[in-house]
Amino acid sequence: MEIQPATGKSLRHAPDNIPDELADIIEYRKSGLSLNHVIGCPLDCAYCVRHLFANYNMKRPHLVMNDEDAVKRLVSHWAFQPNITPIQVFNRATDPFLPGVKDHLMRTLELLDARKLTNHVLVITRWKVLPADVERLERLGHIRVTILVTWSGITDKRLEPVDSTIAEQSLATLAVHAKRTKRILYWRPLIGGINDSDHHIERANRLAAMADATVFTGLFHRAEIRDHLASIGAETSYVQTPRRKILPQELERRVINRFSGSALFRKTSCGVAFAHGVADYNGHYGIREICDICPASQLEICANQHEQPDKNRMDEVLKIAGLERQNAIMSDGYISVQNSEEQQRYYIQHSMCYQVHDRALPHHPNRHGRAEEGWE
Ligand code: SF4
């Protein structure tokens with residue numbers, strides 16, 4: 001496959017004084033090792049996580065590093081494992097399909113593909129995916145690409161200036177033109193009292209028919225996001241500002257009861273796994289209640305792969321992650337650790353497809369990793 005040259009419509013370089021979190025272009029997240037060498041976005045979703053990086057006011061996308069150097073940095077990252085580590089591209093501070101950004105997305109994917117890597121690559125967008133884009137994606141031969149099309153159905157322009165019909169059209173384009181490229185209806189953020197009506201759920205049902213899988217999730221309601229929503233008069237009814245996303249129990253139950261598609265998932269990695277016909281790389285199968293809405297065929301795939309890690313392998317992985325062996329305890333379906341950082345836990349989790357929880361942040365049974373607000 002040919003790596004196409006940059007078009008010359010190059011992005012401006014980011015200023016030198018960007019926050020350290022943004023200058024550091026690689027971040028390990030639960031869904032994968034995330035590469036972010038373009039930052040800045042004009043789409044103005046009021047609940048954007050860029051509030052957390054003091055980047056919300058950068059409306060023009062900027063280049064932090066060229067694609068070749070970014071890919072080299074990714075594949076030489078201590079946590080990167082060829083053909084294993086899931087990768088995400090531009091999921092933190094821009095939209096990968098924006099004009100100008102898209103060139104860098106495609107080139108980054110082609111550079112990864114040229115290395116004959118078979119890692120999952122997740123690309124999240126709410127912008128325009130055109131037939132020519134899909135054609136170019138379909139030429140990739142090794143990396144397993146999933147496009148997650150963010151759709152919320154929110155019509156309050158203060159919350160979300162971008163019309164949801166753009167995402168609907170992108171999903172329709174992928175449905176017609178994509179074969180090896182998988183597509184997910186990424187139904188988010190679901191916010192109680194804002195986009196959770198029966199009408200919204202019916203619209204999501206219609207869209208789900210065009211996707212390989214549907215993943216639904218709630219709202220990050222951190223203090224910075226809450227304050228911004230208040231400043232534009234678009235507060236939600238939520239009170240808490242937790243680390244996890246808020247998705248109240250009653251809303252989750254209603255979505256599940258009214259969903260009429262074939263494959264609905266609580267977890268991003270589960271939707272990706274189903275779309276590609278492989279087991280979940282986050283090992284959620286160990287927390288069996290998460291799987292109570294999963295199609296039987298997928299349950300079987302995950303069950304067949306689910307295996308308690310062997311002691312030697314666990315020793316090796318914990319050592320690379322820099323965690324004390326004596327602090328790791330094998331529990332029923334997950335490994336319990338302490339004094340860990342997210343990137344250490346995700347490295348172990350992805351290395352062995354097995355859940356890893358820190359004892360300071362325990363898993364609450366039957367809450368499916370949602371924040372406490374709205375749950376009994
Ligand atoms: S079986 Fe469980 S872990 Fe596997 S994809 Fe389904 S929900 Fe996820």
# chains A, B, ... in the order shown; residues from 1 in each chain; ligands from 1

call {"tool": "closest_atom_pairs", "arguments": {"of": "chain A", "to": "ligand 1", "cutoff": "9 Å", "atoms": "only C-alpha atoms and all ligand atoms", "output": "JSON lines"}}
result
{"residue": "A:Leu264", "atom": "CA", "partner": "ligand 1", "partner_atom_place_in_ligand_line": "7 (S)", "distance": 8.9}
{"residue": "A:Phe265", "atom": "CA", "partner": "ligand 1", "partner_atom_place_in_ligand_line": "7 (S)", "distance": 6.3}
{"residue": "A:Arg266", "atom": "CA", "partner": "ligand 1", "partner_atom_place_in_ligand_line": "7 (S)", "distance": 7.3}
{"residue": "A:Lys267", "atom": "CA", "partner": "ligand 1", "partner_atom_place_in_ligand_line": "8 (Fe)", "distance": 6.8}
{"residue": "A:Thr268", "atom": "CA", "partner": "ligand 1", "partner_atom_place_in_ligand_line": "8 (Fe)", "distance": 8.7}
{"residue": "A:Ser269", "atom": "CA", "partner": "ligand 1", "partner_atom_place_in_ligand_line": "8 (Fe)", "distance": 7.2}
{"residue": "A:Cys270", "atom": "CA", "partner": "ligand 1", "partner_atom_place_in_ligand_line": "5 (S)", "distance": 4.0}
{"residue": "A:Gly271", "atom": "CA", "partner": "ligand 1", "partner_atom_place_in_ligand_line": "5 (S)", "distance": 6.6}
{"residue": "A:Val272", "atom": "CA", "partner": "ligand 1", "partner_atom_place_in_ligand_line": "5 (S)", "distance": 8.3}
{"residue": "A:Ala273", "atom": "CA", "partner": "ligand 1", "partner_atom_place_in_ligand_line": "5 (S)", "distance": 6.1}
{"residue": "A:Phe274", "atom": "CA", "partner": "ligand 1", "partner_atom_place_in_ligand_line": "5 (S)", "distance": 6.0}
{"residue": "A:Val278", "atom": "CA", "partner": "ligand 1", "partner_atom_place_in_ligand_line": "5 (S)", "distance": 8.3}
{"residue": "A:Ala279", "atom": "CA", "partner": "ligand 1", "partner_atom_place_in_ligand_line": "4 (Fe)", "distance": 5.8}
{"residue": "A:Asp280", "atom": "CA", "partner": "ligand 1", "partner_atom_place_in_ligand_line": "4 (Fe)", "distance": 5.0}
{"residue": "A:Tyr281", "atom": "CA", "partner": "ligand 1", "partner_atom_place_in_ligand_line": "3 (S)", "distance": 8.2}
{"residue": "A:Asn282", "atom": "CA", "partner": "ligand 1", "partner_atom_place_in_ligand_line": "3 (S)", "distance": 7.4}
{"residue": "A:Gly283", "atom": "CA", "partner": "ligand 1", "partner_atom_place_in_ligand_line": "3 (S)", "distance": 5.6}
{"residue": "A:His284", "atom": "CA", "partner": "ligand 1", "partner_atom_place_in_ligand_line": "3 (S)", "distance": 4.0}
{"residue": "A:Tyr285", "atom": "CA", "partner": "ligand 1", "partner_atom_place_in_ligand_line": "3 (S)", "distance": 3.7}
{"residue": "A:Gly286", "atom": "CA", "partner": "ligand 1", "partner_atom_place_in_ligand_line": "3 (S)", "distance": 7.2}
{"residue": "A:Ile287", "atom": "CA", "partner": "ligand 1", "partner_atom_place_in_ligand_line": "2 (Fe)", "distance": 7.8}
{"residue": "A:Arg288", "atom": "CA", "partner": "ligand 1", "partner_atom_place_in_ligand_line": "2 (Fe)", "distance": 6.5}
{"residue": "A:Glu289", "atom": "CA", "partner": "ligand 1", "partner_atom_place_in_ligand_line": "2 (Fe)", "distance": 8.1}
{"residue": "A:Ile290", "atom": "CA", "partner": "ligand 1", "partner_atom_place_in_ligand_line": "7 (S)", "distance": 5.5}
{"residue": "A:Cys291", "atom": "CA", "partner": "ligand 1", "partner_atom_place_in_ligand_line": "7 (S)", "distance": 3.6}
{"residue": "A:Asp292", "atom": "CA", "partner": "ligand 1", "partner_atom_place_in_ligand_line": "7 (S)", "distance": 6.9}
{"residue": "A:Ile293", "atom": "CA", "partner": "ligand 1", "partner_atom_place_in_ligand_line": "7 (S)", "distance": 6.8}
{"residue": "A:Cys294", "atom": "CA", "partner": "ligand 1", "partner_atom_place_in_ligand_line": "6 (Fe)", "distance": 4.5}
{"residue": "A:Pro295", "atom": "CA", "partner": "ligand 1", "partner_atom_place_in_ligand_line": "6 (Fe)", "distance": 6.8}
{"residue": "A:Ala296", "atom": "CA", "partner": "ligand 1", "partner_atom_place_in_ligand_line": "1 (S)", "distance": 7.8}
{"residue": "A:Ser297", "atom": "CA", "partner": "ligand 1", "partner_atom_place_in_ligand_line": "1 (S)", "distance": 8.5}
{"residue": "A:Gln298", "atom": "CA", "partner": "ligand 1", "partner_atom_place_in_ligand_line": "1 (S)", "distance": 5.4}
{"residue": "A:Leu299", "atom": "CA", "partner": "ligand 1", "partner_atom_place_in_ligand_line": "1 (S)", "distance": 3.7}
{"residue": "A:Glu300", "atom": "CA", "partner": "ligand 1", "partner_atom_place_in_ligand_line": "1 (S)", "distance": 7.0}
{"residue": "A:Ile301", "atom": "CA", "partner": "ligand 1", "partner_atom_place_in_ligand_line": "4 (Fe)", "distance": 7.2}
{"residue": "A:Cys302", "atom": "CA", "partner": "ligand 1", "partner_atom_place_in_ligand_line": "4 (Fe)", "distance": 4.6}
{"residue": "A:Ala303", "atom": "CA", "partner": "ligand 1", "partner_atom_place_in_ligand_line": "1 (S)", "distance": 6.9}

call {"tool": "closest_atom_pairs", "arguments": {"of": "region 181-264 of chain A", "to": "region 133-153 of chain A", "cutoff": "8 Å", "atoms": "only C-alpha atoms", "output": "JSON lines"}}
result
{"residue": "A:Thr181", "atom": "CA", "partner": "A:Val145", "partner_atom": "CA", "distance": 5.4}
{"residue": "A:Lys182", "atom": "CA", "partner": "A:Thr146", "partner_atom": "CA", "distance": 4.6}
{"residue": "A:Arg183", "atom": "CA", "partner": "A:Ile147", "partner_atom": "CA", "distance": 4.9}
{"residue": "A:Ile184", "atom": "CA", "partner": "A:Leu148", "partner_atom": "CA", "distance": 4.6}
{"residue": "A:Leu185", "atom": "CA", "partner": "A:Val149", "partner_atom": "CA", "distance": 5.3}
{"residue": "A:Tyr186", "atom": "CA", "partner": "A:Thr150", "partner_atom": "CA", "distance": 4.5}
{"residue": "A:Trp187", "atom": "CA", "partner": "A:Trp151", "partner_atom": "CA", "distance": 5.1}
{"residue": "A:Arg188", "atom": "CA", "partner": "A:Ser152", "partner_atom": "CA", "distance": 5.1}
{"residue": "A:Pro189", "atom": "CA", "partner": "A:Ser152", "partner_atom": "CA", "distance": 6.0}
{"residue": "A:Leu190", "atom": "CA", "partner": "A:Ser152", "partner_atom": "CA", "distance": 6.6}
{"residue": "A:Asn195", "atom": "CA", "partner": "A:Gly153", "partner_atom": "CA", "distance": 6.4}
{"residue": "A:His200", "atom": "CA", "partner": "A:Gly153", "partner_atom": "CA", "distance": 6.4}
{"residue": "A:Arg203", "atom": "CA", "partner": "A:Gly153", "partner_atom": "CA", "distance": 7.9}

call {"tool": "write_last_selection", "arguments": {"atoms": "all heavy atoms", "output": "tab-separated table (two decimals), in the first residue's frame"}}
result
chain	number	residue	atom	x	y	z
A	181	THR	N	-12.97	-1.91	7.02
A	181	THR	CA	-13.05	-0.85	8.04
A	181	THR	C	-14.35	-1.01	8.80
A	181	THR	O	-15.42	-1.02	8.18
A	181	THR	CB	-13.02	0.54	7.37
A	181	THR	OG1	-11.95	0.58	6.44
A	181	THR	CG2	-12.90	1.65	8.39
A	182	LYS	N	-14.29	-1.15	10.11
A	182	LYS	CA	-15.51	-1.37	10.88
A	182	LYS	C	-16.06	-0.03	11.38
A	182	LYS	O	-15.33	0.95	11.51
A	182	LYS	CB	-15.25	-2.32	12.05
A	182	LYS	CG	-14.70	-3.68	11.61
A	182	LYS	CD	-15.62	-4.35	10.62
A	182	LYS	CE	-15.04	-5.66	10.11
A	182	LYS	NZ	-15.74	-6.19	8.93
A	183	ARG	N	-17.36	-0.01	11.66
A	183	ARG	CA	-18.02	1.24	12.05
A	183	ARG	C	-18.90	1.00	13.28
A	183	ARG	O	-19.59	-0.01	13.37
A	183	ARG	CB	-18.86	1.77	10.89
A	183	ARG	CG	-19.88	0.77	10.43
A	183	ARG	CD	-20.49	1.10	9.09
A	183	ARG	NE	-21.50	0.11	8.74
A	183	ARG	CZ	-21.25	-1.04	8.10
A	183	ARG	NH1	-20.02	-1.32	7.71
A	183	ARG	NH2	-22.22	-1.88	7.85
A	184	ILE	N	-18.81	1.95	14.17
A	184	ILE	CA	-19.59	1.84	15.41
A	184	ILE	C	-20.43	3.09	15.61
A	184	ILE	O	-19.94	4.21	15.38
A	184	ILE	CB	-18.63	1.62	16.61
A	184	ILE	CG1	-18.13	0.18	16.54
A	184	ILE	CG2	-19.30	1.91	17.95
A	184	ILE	CD1	-17.28	-0.28	17.66
A	185	LEU	N	-21.69	2.90	15.96
A	185	LEU	CA	-22.50	4.02	16.42
A	185	LEU	C	-22.09	4.29	17.86
A	185	LEU	O	-22.34	3.46	18.74
A	185	LEU	CB	-23.99	3.68	16.34
A	185	LEU	CG	-24.92	4.71	17.00
A	185	LEU	CD1	-24.81	6.08	16.34
A	185	LEU	CD2	-26.37	4.23	16.97
A	186	TYR	N	-21.42	5.42	18.06
A	186	TYR	CA	-20.89	5.77	19.39
A	186	TYR	C	-21.87	6.76	19.99
A	186	TYR	O	-21.79	7.97	19.77
A	186	TYR	CB	-19.50	6.38	19.21
A	186	TYR	CG	-18.53	6.14	20.33
A	186	TYR	CD1	-18.74	5.17	21.29
A	186	TYR	CD2	-17.36	6.89	20.40
A	186	TYR	CE1	-17.82	4.95	22.31
A	186	TYR	CE2	-16.43	6.68	21.41
A	186	TYR	CZ	-16.68	5.71	22.37
A	186	TYR	OH	-15.76	5.50	23.36
A	187	TRP	N	-22.83	6.22	20.71
A	187	TRP	CA	-24.00	6.96	21.19
A	187	TRP	C	-23.62	7.62	22.51
A	187	TRP	O	-23.66	7.00	23.57
A	187	TRP	CB	-25.12	5.94	21.37
A	187	TRP	CG	-26.46	6.44	21.70
A	187	TRP	CD1	-26.89	7.72	21.79
A	187	TRP	CD2	-27.59	5.61	21.97
A	187	TRP	NE1	-28.21	7.75	22.11
A	187	TRP	CE2	-28.66	6.46	22.23
A	187	TRP	CE3	-27.79	4.22	22.03
A	187	TRP	CZ2	-29.92	5.98	22.55
A	187	TRP	CZ3	-29.03	3.75	22.34
A	187	TRP	CH2	-30.10	4.61	22.59
A	188	ARG	N	-23.29	8.92	22.41
A	188	ARG	CA	-22.77	9.60	23.59
A	188	ARG	C	-22.68	11.10	23.37
A	188	ARG	O	-22.56	11.52	22.20
A	188	ARG	CB	-21.40	9.06	23.96
A	188	ARG	CG	-20.40	9.31	22.85
A	188	ARG	CD	-18.99	8.98	23.21
A	188	ARG	NE	-18.13	9.71	22.29
A	188	ARG	CZ	-16.87	9.98	22.50
A	188	ARG	NH1	-16.31	9.58	23.59
A	188	ARG	NH2	-16.16	10.66	21.65
A	189	PRO	N	-22.69	11.94	24.35
A	189	PRO	CA	-22.99	11.57	25.72
A	189	PRO	C	-24.51	11.52	25.94
A	189	PRO	O	-25.22	12.46	25.56
A	189	PRO	CB	-22.38	12.72	26.53
A	189	PRO	CG	-22.50	13.91	25.62
A	189	PRO	CD	-22.40	13.40	24.23
A	190	LEU	N	-24.97	10.44	26.50
A	190	LEU	CA	-26.37	10.37	26.90
A	190	LEU	C	-26.50	11.16	28.21
A	190	LEU	O	-25.79	10.88	29.18
A	190	LEU	CB	-26.77	8.92	27.13
A	190	LEU	CG	-27.37	8.21	25.92
A	190	LEU	CD1	-27.22	6.71	26.06
A	190	LEU	CD2	-28.84	8.58	25.78
A	195	ASN	N	-31.17	14.31	26.19
A	195	ASN	CA	-31.27	13.55	24.93
A	195	ASN	C	-31.62	12.08	25.20
A	195	ASN	O	-31.07	11.19	24.56
A	195	ASN	CB	-29.97	13.66	24.11
A	195	ASN	CG	-28.77	13.12	24.85
A	195	ASN	OD1	-28.77	12.99	26.06
A	195	ASN	ND2	-27.72	12.78	24.10
A	200	HIS	N	-35.45	10.13	20.99
A	200	HIS	CA	-34.00	10.00	20.78
A	200	HIS	C	-33.62	8.52	20.64
A	200	HIS	O	-32.80	8.15	19.79
A	200	HIS	CB	-33.23	10.59	21.96
A	200	HIS	CG	-33.20	12.09	21.97
A	200	HIS	ND1	-34.06	12.85	22.72
A	200	HIS	CD2	-32.42	12.97	21.29
A	200	HIS	CE1	-33.80	14.13	22.52
A	200	HIS	NE2	-32.81	14.23	21.66
A	203	ARG	N	-34.50	7.17	17.31
A	203	ARG	CA	-33.54	7.61	16.26
A	203	ARG	C	-32.26	6.78	16.34
A	203	ARG	O	-31.71	6.37	15.32
A	203	ARG	CB	-33.18	9.08	16.49
A	203	ARG	CG	-34.07	10.03	15.68
A	203	ARG	CD	-33.67	11.46	15.96
A	203	ARG	NE	-32.53	11.91	15.16
A	203	ARG	CZ	-31.91	13.07	15.37
A	203	ARG	NH1	-32.29	13.86	16.35
A	203	ARG	NH2	-30.90	13.43	14.61

call {"tool": "atom_distance", "arguments": {"atom1": "CA of Arg73 (chain A)", "atom2": "CA of Leu111 (chain A)"}}
result
12.2 Å

call {"tool": "atom_distance", "arguments": {"atom1": "CA of Pro99 (chain A)", "atom2": "CA of Ser170 (chain A)"}}
result
14.6 Å

call {"tool": "closest_residue", "arguments": {"among": "A:Ile256, A:Ala234, A:Leu63, A:Val71", "to": "Ile194 (chain A)", "atoms": "only C-alpha atoms"}}
result
A:Ala234

call {"tool": "atom_distance", "arguments": {"atom1": "CA of Tyr334 (chain A)", "atom2": "CA of Glu21 (chain A)"}}
result
29.6 Å

call {"tool": "closest_residue", "arguments": {"among": "A:Arg258, A:Phe220, A:His51, A:Tyr238", "to": "Ser197 (chain A)", "atoms": "only C-alpha atoms"}}
result
A:Arg258

call {"tool": "residues_around", "arguments": {"residues": "Ala328 (chain A)", "least_positions_apart": "5", "cutoff": "7 Å", "atoms": "only C-alpha atoms", "output": "number ranges by chain"}}
result
A: 335-337

call {"tool": "write_last_selection", "arguments": {"atoms": "all heavy atoms", "output": "compact mmCIF listing (two decimals), in the first residue's frame"}}
result
# COMPACT_ATOMS: atom_id res chain seq x y z
N ILE A 335 -7.33 -8.76 38.21
CA ILE A 335 -6.13 -8.67 39.04
C ILE A 335 -6.26 -7.40 39.87
O ILE A 335 -6.59 -6.33 39.35
CB ILE A 335 -4.86 -8.58 38.16
CG1 ILE A 335 -4.75 -9.81 37.26
CG2 ILE A 335 -3.61 -8.43 39.01
CD1 ILE A 335 -3.79 -9.63 36.10
N SER A 336 -6.01 -7.55 41.15
CA SER A 336 -6.13 -6.41 42.05
C SER A 336 -4.72 -5.90 42.36
O SER A 336 -3.85 -6.67 42.76
CB SER A 336 -6.86 -6.89 43.29
OG SER A 336 -6.69 -5.98 44.32
N VAL A 337 -4.50 -4.59 42.15
CA VAL A 337 -3.16 -4.01 42.41
C VAL A 337 -3.32 -2.80 43.34
O VAL A 337 -4.44 -2.40 43.64
CB VAL A 337 -2.47 -3.58 41.09
CG1 VAL A 337 -2.19 -4.78 40.21
CG2 VAL A 337 -3.32 -2.55 40.34

call {"tool": "residues_around", "arguments": {"residues": "Leu251 (chain A)", "least_positions_apart": "6", "cutoff": "9 Å", "atoms": "only C-alpha atoms", "output": "PyMOL selection string"}}
result
chain A and resi 190-192+196+374

call {"tool": "write_last_selection", "arguments": {"atoms": "N, CA, C and O atoms", "output": "compact mmCIF listing (two decimals), in the first residue's frame"}}
result
# COMPACT_ATOMS: atom_id res chain seq x y z
N LEU A 190 -24.97 10.44 26.50
CA LEU A 190 -26.37 10.37 26.90
C LEU A 190 -26.50 11.16 28.21
O LEU A 190 -25.79 10.88 29.18
N ILE A 191 -27.38 12.16 28.22
CA ILE A 191 -27.52 13.02 29.40
C ILE A 191 -28.98 13.01 29.83
O ILE A 191 -29.88 13.33 29.02
N GLY A 192 -29.21 12.63 31.10
CA GLY A 192 -30.58 12.56 31.61
C GLY A 192 -31.30 13.89 31.42
O GLY A 192 -30.77 14.96 31.74
N ASP A 196 -32.49 11.87 26.17
CA ASP A 196 -32.83 10.50 26.54
C ASP A 196 -34.32 10.20 26.35
O ASP A 196 -34.85 9.28 26.96
N GLY A 374 -26.91 8.70 40.41
CA GLY A 374 -28.04 8.06 39.73
C GLY A 374 -28.09 6.55 39.94
O GLY A 374 -28.93 5.88 39.33

call {"tool": "select_by_dssp", "arguments": {"residues": "region 133-275 of chain A", "states": "alpha helix (DSSP H)", "output": "PyMOL selection string"}}
result
chain A and resi 133-138+164-177+198-208+223-231+249-258+268-275

call {"tool": "select_by_dssp", "arguments": {"residues": "region 173-228 of chain A", "states": "strand (DSSP E or B)", "output": "PyMOL selection string"}}
result
chain A and resi 182-187+213-216+219

call {"tool": "residues_around", "arguments": {"residues": "Cys48 (chain A)", "least_positions_apart": "3", "cutoff": "10 Å", "atoms": "only C-alpha atoms", "output": "short mmCIF file (atom, residue, chain, number, x, y, z; two decimals) with all heavy atoms, in the first residue's frame"}}
result
data_model
loop_
_atom_site.label_atom_id
_atom_site.label_comp_id
_atom_site.auth_asym_id
_atom_site.auth_seq_id
_atom_site.Cartn_x
_atom_site.Cartn_y
_atom_site.Cartn_z
N CYS A 41 -9.61 22.43 17.98
CA CYS A 41 -10.84 21.99 17.31
C CYS A 41 -11.85 23.13 17.28
O CYS A 41 -12.06 23.80 18.29
CB CYS A 41 -11.41 20.80 18.08
SG CYS A 41 -12.92 20.15 17.36
N LEU A 43 -15.13 22.71 16.69
CA LEU A 43 -16.51 22.20 16.72
C LEU A 43 -17.28 22.61 17.98
O LEU A 43 -18.50 22.56 18.00
CB LEU A 43 -16.53 20.67 16.54
CG LEU A 43 -15.94 20.18 15.21
CD1 LEU A 43 -16.10 18.67 15.08
CD2 LEU A 43 -16.58 20.87 14.01
N ASP A 44 -16.56 22.99 19.03
CA ASP A 44 -17.20 23.63 20.20
C ASP A 44 -18.24 22.81 20.95
O ASP A 44 -19.21 23.38 21.47
CB ASP A 44 -17.85 24.97 19.77
CG ASP A 44 -16.84 26.10 19.76
OD1 ASP A 44 -15.75 25.91 20.34
OD2 ASP A 44 -17.15 27.16 19.19
N CYS A 45 -18.09 21.51 21.03
CA CYS A 45 -18.99 20.73 21.88
C CYS A 45 -18.72 21.21 23.32
O CYS A 45 -17.57 21.18 23.78
CB CYS A 45 -18.68 19.25 21.78
SG CYS A 45 -18.62 18.69 20.07
N HIS A 51 -11.52 20.92 27.92
CA HIS A 51 -11.58 21.79 29.10
C HIS A 51 -10.58 21.33 30.15
O HIS A 51 -10.06 22.13 30.91
CB HIS A 51 -12.98 21.75 29.73
CG HIS A 51 -14.03 22.43 28.90
ND1 HIS A 51 -14.00 23.77 28.61
CD2 HIS A 51 -15.15 21.94 28.31
CE1 HIS A 51 -15.05 24.09 27.88
NE2 HIS A 51 -15.76 23.00 27.67
N LEU A 52 -10.33 20.03 30.18
CA LEU A 52 -9.44 19.49 31.21
C LEU A 52 -7.97 19.77 30.92
O LEU A 52 -7.12 19.64 31.78
CB LEU A 52 -9.65 17.97 31.37
CG LEU A 52 -11.10 17.49 31.51
CD1 LEU A 52 -11.14 15.98 31.69
CD2 LEU A 52 -11.80 18.16 32.67
N ASN A 55 -7.37 23.63 26.78
CA ASN A 55 -7.16 23.73 25.32
C ASN A 55 -8.44 24.12 24.58
O ASN A 55 -8.45 24.24 23.35
CB ASN A 55 -6.65 22.36 24.80
CG ASN A 55 -6.38 22.36 23.31
OD1 ASN A 55 -7.10 21.71 22.54
ND2 ASN A 55 -5.38 23.09 22.87
N TYR A 56 -9.51 24.37 25.30
CA TYR A 56 -10.82 24.58 24.65
C TYR A 56 -10.81 25.81 23.75
O TYR A 56 -11.54 25.86 22.75
CB TYR A 56 -11.91 24.72 25.72
CG TYR A 56 -13.30 24.64 25.15
CD1 TYR A 56 -13.78 23.46 24.59
CD2 TYR A 56 -14.14 25.74 25.17
CE1 TYR A 56 -15.06 23.38 24.06
CE2 TYR A 56 -15.43 25.68 24.65
CZ TYR A 56 -15.88 24.48 24.10
OH TYR A 56 -17.15 24.41 23.57
N ARG A 92 -8.17 13.05 21.60
CA ARG A 92 -8.13 13.83 22.83
C ARG A 92 -8.40 15.32 22.60
O ARG A 92 -9.01 15.96 23.42
CB ARG A 92 -6.75 13.65 23.48
CG ARG A 92 -6.58 14.38 24.78
CD ARG A 92 -5.32 13.99 25.50
NE ARG A 92 -4.12 14.46 24.80
CZ ARG A 92 -2.90 14.34 25.28
NH1 ARG A 92 -2.71 13.75 26.44
NH2 ARG A 92 -1.84 14.77 24.60
N ALA A 93 -7.91 15.86 21.49
CA ALA A 93 -7.94 17.32 21.41
C ALA A 93 -8.28 17.86 20.03
O ALA A 93 -8.03 19.03 19.74
CB ALA A 93 -6.59 17.88 21.87
N THR A 94 -8.84 17.01 19.17
CA THR A 94 -9.27 17.49 17.86
C THR A 94 -10.24 16.46 17.29
O THR A 94 -10.52 15.44 17.93
CB THR A 94 -8.06 17.67 16.90
OG1 THR A 94 -8.51 18.37 15.73
CG2 THR A 94 -7.42 16.35 16.48
N LEU A 159 -24.99 23.38 23.72
CA LEU A 159 -24.28 22.17 24.13
C LEU A 159 -23.50 21.56 22.98
O LEU A 159 -22.39 21.05 23.15
CB LEU A 159 -25.29 21.12 24.61
CG LEU A 159 -25.68 21.11 26.08
CD1 LEU A 159 -26.78 20.10 26.31
CD2 LEU A 159 -24.47 20.77 26.94
N GLU A 160 -24.11 21.61 21.82
CA GLU A 160 -23.50 20.91 20.68
C GLU A 160 -23.85 21.65 19.38
O GLU A 160 -24.88 21.38 18.77
CB GLU A 160 -24.07 19.49 20.65
CG GLU A 160 -23.21 18.52 19.90
CD GLU A 160 -23.77 17.11 20.01
OE1 GLU A 160 -23.50 16.45 21.02
OE2 GLU A 160 -24.49 16.69 19.09
N LEU A 219 -21.86 11.08 30.36
CA LEU A 219 -21.21 12.39 30.29
C LEU A 219 -20.07 12.50 31.30
O LEU A 219 -20.23 12.18 32.47
CB LEU A 219 -22.27 13.47 30.62
CG LEU A 219 -21.78 14.91 30.73
CD1 LEU A 219 -21.46 15.47 29.34
CD2 LEU A 219 -22.80 15.80 31.42
N PHE A 220 -18.93 13.00 30.83
CA PHE A 220 -17.89 13.43 31.76
C PHE A 220 -18.35 14.74 32.37
O PHE A 220 -18.57 15.71 31.63
CB PHE A 220 -16.57 13.67 31.01
CG PHE A 220 -15.63 12.51 31.03
CD1 PHE A 220 -15.05 12.06 29.86
CD2 PHE A 220 -15.31 11.87 32.23
CE1 PHE A 220 -14.18 10.98 29.87
CE2 PHE A 220 -14.44 10.80 32.24
CZ PHE A 220 -13.88 10.35 31.07
N HIS A 221 -18.52 14.76 33.66
CA HIS A 221 -19.04 15.97 34.31
C HIS A 221 -18.03 16.45 35.35
O HIS A 221 -18.36 16.68 36.51
CB HIS A 221 -20.41 15.65 34.96
CG HIS A 221 -21.19 16.86 35.35
ND1 HIS A 221 -21.56 17.12 36.66
CD2 HIS A 221 -21.68 17.88 34.63
CE1 HIS A 221 -22.24 18.24 36.70
NE2 HIS A 221 -22.33 18.73 35.49
N GLU A 224 -14.38 21.28 35.60
CA GLU A 224 -14.12 22.25 34.53
C GLU A 224 -15.26 22.24 33.51
O GLU A 224 -15.64 23.28 32.97
CB GLU A 224 -12.82 21.91 33.78
CG GLU A 224 -11.55 22.01 34.62
CD GLU A 224 -11.20 20.71 35.34
OE1 GLU A 224 -12.10 19.88 35.60
OE2 GLU A 224 -10.00 20.53 35.66
N ILE A 225 -15.80 21.05 33.26
CA ILE A 225 -16.89 20.93 32.27
C ILE A 225 -18.18 21.49 32.89
O ILE A 225 -18.91 22.26 32.25
CB ILE A 225 -17.03 19.46 31.82
CG1 ILE A 225 -15.76 19.06 31.05
CG2 ILE A 225 -18.29 19.27 30.97
CD1 ILE A 225 -15.66 17.60 30.68
N HIS A 228 -18.06 25.22 32.76
CA HIS A 228 -18.28 25.77 31.42
C HIS A 228 -19.77 25.69 31.05
O HIS A 228 -20.33 26.65 30.52
CB HIS A 228 -17.45 25.04 30.38
CG HIS A 228 -17.69 25.55 28.99
ND1 HIS A 228 -17.26 26.77 28.56
CD2 HIS A 228 -18.41 25.01 27.95
CE1 HIS A 228 -17.67 26.98 27.31
NE2 HIS A 228 -18.36 25.92 26.91
#
